[in-house]
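*Asks:* Contents are TSV, C-alpha atoms; file name run_16.tsv:
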chain	number	residue	atom	x	y	z
A	1	MET	CA	-2.23	27.08	-29.93
A	2	ALA	CA	-1.95	24.08	-27.57
A	3	LYS	CA	-1.49	26.40	-24.57
A	4	LYS	CA	-4.78	28.14	-25.36
A	5	TRP	CA	-6.76	24.92	-25.81
A	6	GLN	CA	-9.40	24.13	-23.19
A	7	PRO	CA	-11.46	20.94	-23.00
A	8	PRO	CA	-15.19	21.21	-23.80
A	9	SER	CA	-17.41	21.97	-20.82
A	10	ASP	CA	-18.94	18.48	-20.76
A	11	TRP	CA	-15.57	16.77	-20.30
A	12	ILE	CA	-14.49	15.60	-16.83
A	13	LYS	CA	-11.10	16.98	-15.71
A	14	ILE	CA	-9.18	15.34	-12.87
A	15	THR	CA	-5.83	16.61	-11.58
A	16	THR	CA	-3.21	14.45	-9.92
A	17	LEU	CA	0.22	14.61	-8.37
A	18	ASP	CA	2.31	11.53	-9.11
A	19	VAL	CA	5.20	10.13	-7.07
A	20	HIS	CA	7.00	6.87	-6.50
A	21	ALA	CA	8.18	5.42	-3.19
A	22	ALA	CA	10.99	2.90	-3.62
A	23	GLY	CA	9.78	2.38	-7.19
A	24	GLU	CA	6.10	1.83	-6.46
A	25	PRO	CA	3.84	4.47	-8.11
A	26	LEU	CA	1.32	6.64	-6.31
A	27	ARG	CA	-1.19	8.84	-8.12
A	28	ILE	CA	-2.61	11.39	-5.65
A	29	ILE	CA	-5.95	12.82	-6.83
A	30	THR	CA	-5.84	16.55	-6.12
A	31	GLY	CA	-8.98	17.82	-7.86
A	32	GLY	CA	-11.99	17.03	-10.02
A	33	ILE	CA	-13.93	14.66	-7.80
A	34	PRO	CA	-16.77	15.46	-5.37
A	35	SER	CA	-16.44	15.43	-1.60
A	36	LEU	CA	-17.08	12.00	-0.07
A	37	PRO	CA	-19.87	11.87	2.51
A	38	GLY	CA	-19.52	9.71	5.61
A	39	LYS	CA	-18.69	10.04	9.30
A	40	THR	CA	-15.92	7.42	9.12
A	41	ILE	CA	-13.26	6.60	6.57
A	42	LEU	CA	-14.90	3.22	5.98
A	43	GLU	CA	-18.18	5.00	5.18
A	44	LYS	CA	-16.34	7.29	2.75
A	45	ARG	CA	-14.63	4.24	1.24
A	46	ASN	CA	-17.98	2.52	0.76
A	47	TYR	CA	-19.41	5.64	-0.92
A	48	ALA	CA	-16.43	5.75	-3.30
A	49	LYS	CA	-16.89	2.06	-4.14
A	50	ILE	CA	-20.54	2.56	-5.04
A	51	ASN	CA	-20.48	5.99	-6.67
A	52	LEU	CA	-16.96	6.79	-7.90
A	53	ASP	CA	-15.48	3.49	-9.02
A	54	HIS	CA	-15.40	4.72	-12.63
A	55	ILE	CA	-12.82	7.30	-11.51
A	56	ARG	CA	-10.68	4.58	-9.93
A	57	THR	CA	-10.74	2.49	-13.08
A	58	ALA	CA	-10.16	5.51	-15.34
A	59	LEU	CA	-7.02	6.55	-13.44
A	60	MET	CA	-5.62	3.16	-12.40
A	61	TRP	CA	-6.29	1.17	-15.58
A	62	GLU	CA	-5.15	1.77	-19.14
A	63	PRO	CA	-4.89	4.01	-21.10
A	64	ARG	CA	-4.08	6.47	-18.27
A	65	GLY	CA	-2.57	3.89	-15.94
A	66	HIS	CA	-1.61	0.22	-16.04
A	67	ALA	CA	-2.27	-3.05	-14.23
A	68	ASP	CA	0.19	-2.19	-11.45
A	69	MET	CA	-0.84	1.44	-10.91
A	70	TYR	CA	-1.66	2.68	-7.43
A	71	GLY	CA	-3.44	5.80	-6.21
A	72	CYS	CA	-5.16	7.62	-3.39
A	73	ILE	CA	-8.05	9.99	-2.70
A	74	LEU	CA	-7.64	12.60	0.02
A	75	THR	CA	-10.55	13.49	2.30
A	76	GLU	CA	-11.11	15.71	5.28
A	77	PRO	CA	-10.11	14.01	8.56
A	78	VAL	CA	-12.77	12.12	10.51
A	79	THR	CA	-11.08	12.43	13.93
A	80	PRO	CA	-10.76	15.63	16.00
A	81	ASP	CA	-6.94	15.66	15.81
A	82	GLY	CA	-6.55	14.20	12.32
A	83	THR	CA	-4.59	16.04	9.62
A	84	ILE	CA	-6.13	14.35	6.61
A	85	GLY	CA	-8.11	11.29	5.57
A	86	VAL	CA	-6.99	8.98	2.78
A	87	LEU	CA	-8.40	6.16	0.67
A	88	PHE	CA	-6.10	3.86	-1.31
A	89	LEU	CA	-6.81	2.62	-4.85
A	90	HIS	CA	-5.44	-0.20	-7.02
A	91	ASN	CA	-6.34	-2.42	-9.96
A	92	GLU	CA	-8.93	-4.48	-8.05
A	93	GLY	CA	-10.46	-1.93	-5.69
A	94	TYR	CA	-9.64	-0.18	-2.44
A	95	SER	CA	-6.87	-1.06	0.04
A	96	THR	CA	-7.30	-0.73	3.79
A	97	MET	CA	-3.80	0.68	4.38
A	98	CYS	CA	-0.72	1.33	2.26
A	99	GLY	CA	2.73	2.15	3.59
A	100	HIS	CA	4.42	3.22	0.37
A	101	ALA	CA	1.48	5.58	-0.24
A	102	VAL	CA	1.91	7.14	3.22
A	103	ILE	CA	5.60	7.75	2.49
A	104	GLY	CA	4.83	9.11	-0.98
A	105	LEU	CA	2.04	11.34	0.31
A	106	THR	CA	4.31	12.69	3.06
A	107	PHE	CA	7.01	13.68	0.56
A	108	ALA	CA	4.73	15.06	-2.14
A	109	GLY	CA	2.17	16.62	0.19
A	110	LEU	CA	4.70	18.62	2.18
A	111	ASP	CA	7.08	19.53	-0.66
A	112	THR	CA	4.27	20.93	-2.83
A	113	GLY	CA	2.21	22.51	-0.06
A	114	LEU	CA	-0.72	20.16	-0.60
A	115	ILE	CA	-0.32	19.48	3.13
A	116	ASP	CA	0.75	22.68	4.89
A	117	LEU	CA	2.67	21.96	8.10
A	118	PRO	CA	5.64	23.91	9.49
A	119	GLY	CA	8.92	22.79	11.03
A	120	ASN	CA	11.77	20.42	10.24
A	121	ASN	CA	9.92	17.34	11.50
A	122	PRO	CA	6.20	17.85	10.84
A	123	VAL	CA	3.83	15.09	11.90
A	124	ILE	CA	0.89	14.06	9.70
A	125	LYS	CA	-1.96	12.23	11.44
A	126	LEU	CA	-3.69	10.16	8.80
A	127	ASP	CA	-7.16	8.67	9.12
A	128	THR	CA	-7.04	5.46	7.04
A	129	PRO	CA	-9.56	2.62	6.65
A	130	ALA	CA	-7.35	0.50	8.93
A	131	GLY	CA	-7.10	3.21	11.62
A	132	ARG	CA	-4.76	6.02	12.67
A	133	VAL	CA	-1.34	6.12	11.01
A	134	THR	CA	1.17	8.79	12.06
A	135	ALA	CA	3.84	9.91	9.59
A	136	THR	CA	6.87	12.06	10.42
A	137	ALA	CA	8.87	13.92	7.78
A	138	PHE	CA	12.56	14.73	8.11
A	139	ARG	CA	13.22	17.96	6.24
A	140	LYS	CA	16.56	19.28	5.03
A	141	ASN	CA	16.84	22.62	3.20
A	142	ARG	CA	13.01	22.87	3.22
A	143	ARG	CA	12.59	19.55	1.39
A	144	VAL	CA	11.60	16.21	2.81
A	145	ASN	CA	14.66	13.95	2.82
A	146	GLU	CA	13.09	10.91	4.49
A	147	ALA	CA	9.75	9.89	5.98
A	148	ALA	CA	8.74	7.37	8.60
A	149	PHE	CA	5.32	6.23	9.73
A	150	GLN	CA	4.06	4.39	12.77
A	151	ASN	CA	1.48	1.91	11.58
A	152	VAL	CA	-1.67	0.47	13.07
A	153	PRO	CA	-1.28	-2.46	15.50
A	154	SER	CA	0.19	-5.39	13.57
A	155	TYR	CA	-0.10	-9.00	14.64
A	156	VAL	CA	0.20	-12.66	13.69
A	157	TYR	CA	-3.07	-14.32	12.72
A	158	ALA	CA	-1.80	-17.87	12.02
A	159	MET	CA	1.60	-19.56	11.94
A	160	ASP	CA	3.15	-22.55	10.20
A	161	MET	CA	0.16	-23.47	8.06
A	162	ARG	CA	0.71	-26.15	5.45
A	163	ILE	CA	-1.01	-25.59	2.12
A	164	LYS	CA	-0.81	-27.54	-1.12
A	165	LEU	CA	-0.55	-25.79	-4.48
A	166	PRO	CA	-1.12	-27.66	-7.75
A	167	GLU	CA	1.97	-26.22	-9.46
A	168	PHE	CA	4.32	-25.70	-6.52
A	169	GLY	CA	3.48	-28.54	-4.13
A	170	ALA	CA	3.14	-28.32	-0.34
A	171	ILE	CA	4.55	-25.20	1.33
A	172	THR	CA	4.40	-23.53	4.74
A	173	CYS	CA	2.91	-20.07	5.18
A	174	ASP	CA	1.99	-17.66	7.96
A	175	ILE	CA	-0.77	-15.05	8.03
A	176	ALA	CA	-0.09	-11.66	9.58
A	177	PHE	CA	-1.77	-8.25	9.63
A	178	GLY	CA	0.04	-4.96	9.03
A	179	GLY	CA	-2.93	-2.81	8.03
A	180	ALA	CA	-4.06	-5.63	5.72
A	181	TYR	CA	-3.78	-9.41	5.91
A	182	TYR	CA	-0.95	-11.19	4.09
A	183	ALA	CA	0.02	-14.80	3.54
A	184	ILE	CA	3.80	-14.93	4.05
A	185	CYS	CA	5.81	-17.74	2.48
A	186	SER	CA	9.30	-18.73	1.38
A	187	ALA	CA	10.79	-18.13	-2.07
A	188	GLU	CA	13.00	-21.19	-1.54
A	189	GLU	CA	9.99	-23.47	-1.01
A	190	LEU	CA	8.37	-22.07	-4.15
A	191	GLY	CA	11.61	-22.47	-6.08
A	192	ILE	CA	11.63	-18.86	-7.34
A	193	ARG	CA	14.38	-16.27	-6.99
A	194	LEU	CA	13.11	-12.77	-6.19
A	195	ILE	CA	14.40	-10.91	-9.25
A	196	PRO	CA	12.65	-8.90	-12.00
A	197	GLU	CA	13.24	-11.64	-14.56
A	198	ASN	CA	10.88	-13.88	-12.59
A	199	PHE	CA	8.06	-11.32	-12.57
A	200	SER	CA	5.44	-13.56	-14.23
A	201	SER	CA	6.35	-16.60	-12.13
A	202	LEU	CA	6.06	-14.55	-8.96
A	203	ILE	CA	2.57	-13.38	-9.94
A	204	ARG	CA	1.53	-16.95	-10.67
A	205	ALA	CA	2.91	-18.23	-7.36
A	206	GLY	CA	1.57	-15.33	-5.30
A	207	MET	CA	-1.92	-15.66	-6.68
A	208	ALA	CA	-1.88	-19.45	-6.19
A	209	VAL	CA	-1.04	-18.94	-2.51
A	210	LYS	CA	-3.67	-16.23	-2.13
A	211	ARG	CA	-6.42	-18.35	-3.71
A	212	GLU	CA	-5.59	-21.41	-1.62
A	213	VAL	CA	-5.49	-19.44	1.65
A	214	ASP	CA	-8.73	-17.69	0.65
A	215	ARG	CA	-10.27	-21.12	0.08
A	216	SER	CA	-9.03	-22.77	3.26
A	217	VAL	CA	-8.86	-20.02	5.93
A	218	ASN	CA	-11.67	-17.88	7.31
A	219	ILE	CA	-10.07	-14.52	8.15
A	220	GLU	CA	-11.92	-12.35	10.66
A	221	HIS	CA	-10.73	-8.90	11.72
A	222	PRO	CA	-11.35	-8.34	15.46
A	223	PHE	CA	-13.42	-5.19	14.90
A	224	GLU	CA	-14.21	-4.45	11.25
A	225	LYS	CA	-15.94	-6.84	8.85
A	226	ASP	CA	-14.76	-4.70	5.91
A	227	LEU	CA	-11.13	-5.57	6.79
A	228	SER	CA	-11.74	-9.35	7.02
A	229	PHE	CA	-10.05	-10.52	3.83
A	230	LEU	CA	-6.65	-11.65	2.57
A	231	TYR	CA	-5.09	-8.78	0.63
A	232	GLY	CA	-2.00	-10.44	-0.79
A	233	THR	CA	0.96	-12.79	-0.63
A	234	ILE	CA	4.46	-11.87	0.53
A	235	ILE	CA	7.23	-14.09	-0.78
A	236	VAL	CA	10.40	-13.84	1.31
A	237	GLY	CA	13.97	-14.68	0.36
A	238	PRO	CA	17.57	-13.77	1.08
A	239	PRO	CA	18.81	-10.25	0.28
A	240	GLU	CA	20.92	-9.52	-2.76
A	241	ASN	CA	22.88	-7.04	-0.59
A	242	LYS	CA	24.33	-8.92	2.38
A	243	ASN	CA	24.02	-5.79	4.56
A	244	ASN	CA	20.23	-6.06	4.41
A	245	HIS	CA	18.00	-8.40	6.38
A	246	SER	CA	16.00	-9.96	3.54
A	247	ARG	CA	14.20	-9.38	0.28
A	248	ASN	CA	10.46	-9.77	-0.27
A	249	VAL	CA	7.97	-9.37	-3.08
A	250	CYS	CA	4.30	-8.65	-2.46
A	251	ILE	CA	1.65	-9.89	-4.92
A	252	PHE	CA	-1.64	-8.22	-4.05
A	253	ALA	CA	-5.11	-7.38	-5.36
A	254	GLU	CA	-5.59	-9.03	-8.77
A	255	GLY	CA	-1.99	-10.03	-9.53
A	256	GLU	CA	-0.50	-6.59	-8.82
A	257	VAL	CA	3.23	-6.58	-8.01
A	258	ASP	CA	4.56	-4.06	-5.50
A	259	ARG	CA	7.84	-2.54	-6.70
A	260	SER	CA	8.60	-1.35	-3.15
A	261	PRO	CA	9.24	-3.62	-0.15
A	262	THR	CA	5.57	-2.92	0.83
A	263	GLY	CA	5.05	-0.80	3.95
A	264	THR	CA	2.11	-2.80	5.28
A	265	GLY	CA	3.89	-5.99	4.27
A	266	VAL	CA	7.06	-5.28	6.24
A	267	SER	CA	4.78	-4.22	9.13
A	268	ALA	CA	3.13	-7.65	9.03
A	269	ARG	CA	6.57	-9.25	8.82
A	270	SER	CA	7.79	-7.23	11.82
A	271	ALA	CA	4.97	-8.74	13.88
A	272	LEU	CA	5.91	-12.22	12.68
A	273	LEU	CA	9.65	-11.74	13.26
A	274	TYR	CA	9.05	-10.29	16.73
A	275	THR	CA	6.72	-13.17	17.63
A	276	ARG	CA	9.35	-15.68	16.53
A	277	GLY	CA	12.05	-13.88	18.52
A	278	GLU	CA	14.05	-13.05	15.38
A	279	VAL	CA	14.01	-9.28	16.00
A	280	LYS	CA	13.85	-7.33	19.24
A	281	LYS	CA	12.05	-4.14	20.12
A	282	ASN	CA	13.77	-1.10	18.49
A	283	GLU	CA	16.03	-3.36	16.40
A	284	PHE	CA	16.18	-1.97	12.86
A	285	PHE	CA	16.04	-4.33	9.89
A	286	THR	CA	16.15	-3.36	6.23
A	287	VAL	CA	14.10	-5.18	3.59
A	288	GLU	CA	14.76	-5.07	-0.16
A	289	SER	CA	12.16	-4.97	-2.92
A	290	ILE	CA	12.30	-6.79	-6.24
A	291	LEU	CA	14.17	-3.70	-7.53
A	292	GLY	CA	16.65	-3.64	-4.65
A	293	THR	CA	15.08	-0.51	-3.15
A	294	CYS	CA	14.64	-0.59	0.62
A	295	PHE	CA	12.44	0.23	3.59
A	296	THR	CA	13.86	0.10	7.12
A	297	THR	CA	11.60	-1.15	9.88
A	298	ARG	CA	11.56	-1.61	13.65
A	299	VAL	CA	9.08	-2.49	16.39
A	300	VAL	CA	8.62	0.64	18.50
A	301	HIS	CA	5.90	-0.54	20.90
A	302	THR	CA	4.10	-3.69	21.97
A	303	THR	CA	0.37	-3.67	22.56
A	304	SER	CA	-2.70	-5.82	22.04
A	305	PHE	CA	-5.38	-5.73	19.38
A	306	GLY	CA	-8.55	-7.52	20.36
A	307	SER	CA	-7.34	-10.88	21.64
A	308	TYR	CA	-4.05	-10.70	19.69
A	309	PRO	CA	-0.63	-9.65	21.04
A	310	ALA	CA	0.47	-6.90	18.63
A	311	VAL	CA	3.29	-4.53	17.80
A	312	ILE	CA	3.42	-0.97	16.50
A	313	PRO	CA	5.90	-0.98	13.61
A	314	GLU	CA	7.75	2.05	12.26
A	315	VAL	CA	8.65	2.01	8.56
A	316	LYS	CA	11.08	4.48	6.99
A	317	GLY	CA	11.77	5.23	3.32
A	318	LYS	CA	12.08	7.77	0.51
A	319	ALA	CA	9.85	8.99	-2.33
A	320	PHE	CA	10.23	11.20	-5.40
A	321	ILE	CA	7.77	13.36	-7.34
A	322	THR	CA	7.40	12.20	-10.96
A	323	GLY	CA	4.71	14.46	-12.43
A	324	ARG	CA	1.68	16.69	-12.14
A	325	HIS	CA	-1.17	15.82	-14.47
A	326	GLU	CA	-4.52	16.85	-15.89
A	327	PHE	CA	-6.57	13.90	-17.08
A	328	PHE	CA	-9.63	14.36	-19.29
A	329	SER	CA	-12.64	12.14	-19.89
A	330	ASP	CA	-14.43	12.73	-23.18
A	331	PRO	CA	-18.05	11.49	-22.79
A	332	LYS	CA	-17.88	10.18	-26.39
A	333	ASP	CA	-14.84	8.00	-25.61
A	334	PRO	CA	-16.01	4.35	-25.31
A	335	LEU	CA	-12.91	3.56	-23.21
A	336	ARG	CA	-13.20	6.57	-20.90
A	337	GLN	CA	-13.61	4.37	-17.81
A	338	GLY	CA	-10.46	2.43	-18.60
A	339	PHE	CA	-9.62	-1.17	-19.34
A	340	ILE	CA	-7.24	-3.69	-17.86
A	341	SER	CA	-5.30	-6.23	-19.87
A	342	ARG	CA	-3.94	-8.52	-17.15
Turn the structure described in the file into structure tokens.

*Replies:*
Amino acid sequence: MAKKWQPPSDWIKITTLDVHAAGEPLRIITGGIPSLPGKTILEKRNYAKINLDHIRTALMWEPRGHADMYGCILTEPVTPDGTIGVLFLHNEGYSTMCGHAVIGLTFAGLDTGLIDLPGNNPVIKLDTPAGRVTATAFRKNRRVNEAAFQNVPSYVYAMDMRIKLPEFGAITCDIAFGGAYYAICSAEELGIRLIPENFSSLIRAGMAVKREVDRSVNIEHPFEKDLSFLYGTIIVGPPENKNNHSRNVCIFAEGEVDRSPTGTGVSARSALLYTRGEVKKNEFFTVESILGTCFTTRVVHTTSFGSYPAVIPEVKGKAFITGRHEFFSDPKDPLRQGFISR
């Protein structure tokens, strides 16, 4: 009987493909939403914000998602050589770039045929709100075994800022861009170890840093007003595995905790580490997440971005498909657009 059941014609049906990259979820919307008008990805993003935000909240928030859910909408490319366009979704709104999502989309898109490209090392040219991101898959036995992406130009915005937090006292932080702006600070100064047991404390500290930097620093992207905001806080500490470079935890959006090492976050850190002379061009370094999962990063090129010296980071990692879903929205359901309890 259940196999024969079909939802009433007035219900909305949305299909998704779900994956995780280094533990961080990604819900790829594969059907059920209209095409997004706009000549640029930022125009498409703005249309989604105004007209389709109920879909974001329905799929990211409870009861279909949770406070730390993450997703993306695929669009047609907006550049002549682009493979696909992508918008990124989370509990607060719409990201400008997301590394774990690029890795997850590369795995799931190619393994399922959602993105149809031949060869052992297909290249996906993604049009993102932050600019062009190029992902390369490494296939083995017709399945993606690993994926790497070269990010947008990443750079240091401010270094060695002193801020004062009511609960944690005075700390030093840097601001760097890796597709989004992050405040980067030390776990030791905050007095918090980067382990799952300290989840709530990390949210509290990360949001305190974000609010204080928001209050005290005027962030301006060189070219796009829509990118001129602080996205999150990256708290950095020593690795649990001595063979790795470091561990970091990213607190972003409205208290969302990245389970992965954060692709845009390690890109921002690569710019900071290169600027400080702590890593060299083409020197690999591996960063752990709060779960101990890893992304490996290197600086592949140096460039400039507006008036800023910048680097092009490459980030490498793995992802795994977790499900394929049909979600329904009953127009009589008072909670059909979702709710969030954080």

*Asks:* Near Trp11 of chain A, counting all atoms listed in the file, which residues have an atom at most 8 Å away, once you skip same-chain residues fewer than 5 positions from it, shown as a PyMOL selection string?

*Replies:* chain A and resi 328-331

*Asks:* So what do you get for atom CA of Pro261 of chain A versus atom CA of Thr293 of chain A, distance-wise?

*Replies:*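 Spanning atom CA of Pro261 of chain A to atom CA of Thr293 of chain A is a straight-line distance of 7.3 Å.
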
*Asks:* Can you work out which one of A:Ser289, A:Asn51, A:Leu272, A:Ile340 has the shortest atom-to-atom distance to Val156 of chain A, counting all atoms listed in the file?

*Replies:*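 Of A:Ser289, A:Asn51, A:Leu272, A:Ile340, the one nearest Val156 of chain A, counting all atoms listed in the file, is A:Leu272.
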
*Asks:* List the neighbours of His301 of chain A out to 8 Å using all atoms listed in the file; skip same-chain residues closer than 2 positions along the sequence, and give me the result as a PyMOL selection string.

*Replies:* chain A and resi 281+299+303+311-313

*Asks:* Report as a Markdown table: every residue of segment 167-257 of chain A with an atom at most 10 Å from segment 110-130 of chain A, its closest pair of atoms, and their distance in Å to one decimal, counting only C-alpha atoms, with rows sorted by chain and ascending residue number.

*Replies:*
| residue | atom | partner | partner_atom | distance |
| --- | --- | --- | --- | --- |
| A:Gly178 | CA | A:Ala130 | CA | 9.2 |
| A:Gly179 | CA | A:Ala130 | CA | 5.6 |
| A:Ala180 | CA | A:Ala130 | CA | 7.7 |
| A:Glu224 | CA | A:Ala130 | CA | 8.8 |
| A:Asp226 | CA | A:Pro129 | CA | 9.0 |
| A:Leu227 | CA | A:Ala130 | CA | 7.5 |

*Asks:* For those residues, write C-alpha atoms to a file as an mmCIF file, keeping the file's coordinate frame.

*Replies:*
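Final output, out-v3.cif:
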data_model
loop_
_atom_site.group_PDB
_atom_site.id
_atom_site.type_symbol
_atom_site.label_atom_id
_atom_site.label_comp_id
_atom_site.auth_asym_id
_atom_site.auth_seq_id
_atom_site.Cartn_x
_atom_site.Cartn_y
_atom_site.Cartn_z
ATOM 1 C CA GLY A 178 0.040 -4.960 9.030
ATOM 2 C CA GLY A 179 -2.930 -2.810 8.030
ATOM 3 C CA ALA A 180 -4.060 -5.630 5.720
ATOM 4 C CA GLU A 224 -14.210 -4.450 11.250
ATOM 5 C CA ASP A 226 -14.760 -4.700 5.910
ATOM 6 C CA LEU A 227 -11.130 -5.570 6.790
#

*Asks:* Taking only C-alpha atoms into account, produce a table as a Markdown table in which each residue of segment 219-278 of chain A with an atom at most 9 Å from an atom of segment 196-212 of chain A appears once, together with its shortest atom pair and the distance in Å to one decimal, ordered by chain and rising number.

*Replies:*
| residue | atom | partner | partner_atom | distance |
| --- | --- | --- | --- | --- |
| A:Leu230 | CA | A:Lys210 | CA | 7.2 |
| A:Tyr231 | CA | A:Lys210 | CA | 8.1 |
| A:Gly232 | CA | A:Lys210 | CA | 6.2 |
| A:Thr233 | CA | A:Gly206 | CA | 5.4 |
| A:Ile234 | CA | A:Gly206 | CA | 7.4 |
| A:Ile235 | CA | A:Gly206 | CA | 7.3 |
| A:Val249 | CA | A:Leu202 | CA | 8.1 |
| A:Cys250 | CA | A:Gly206 | CA | 7.8 |
| A:Ile251 | CA | A:Gly206 | CA | 5.5 |
| A:Phe252 | CA | A:Met207 | CA | 7.9 |
| A:Ala253 | CA | A:Met207 | CA | 9.0 |
| A:Glu254 | CA | A:Met207 | CA | 7.9 |
| A:Gly255 | CA | A:Ile203 | CA | 5.7 |
| A:Glu256 | CA | A:Ile203 | CA | 7.5 |
| A:Val257 | CA | A:Ile203 | CA | 7.1 |

*Asks:* Record the distance separating atom CA of Ala58 of chain A and atom CA of Leu335 of chain A, expressed in Å with one decimal.

*Replies:*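 Distance reported for this atom pair: 8.6 Å.
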
*Asks:* Between atom CA of Ser95 of chain A and atom CA of Arg342 of chain A, what is the distance, to one decimal in Å?

*Replies:*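 Between these atoms lies a distance of 19.0 Å.
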
*Asks:* Can you work out which one of A:Ile14, A:Cys173, A:Met69, A:Leu26 has the shortest atom-to-atom distance to Val217 of chain A, counting only C-alpha atoms?

*Replies:*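 Distance minimum relative to Val217 of chain A lands on A:Cys173.
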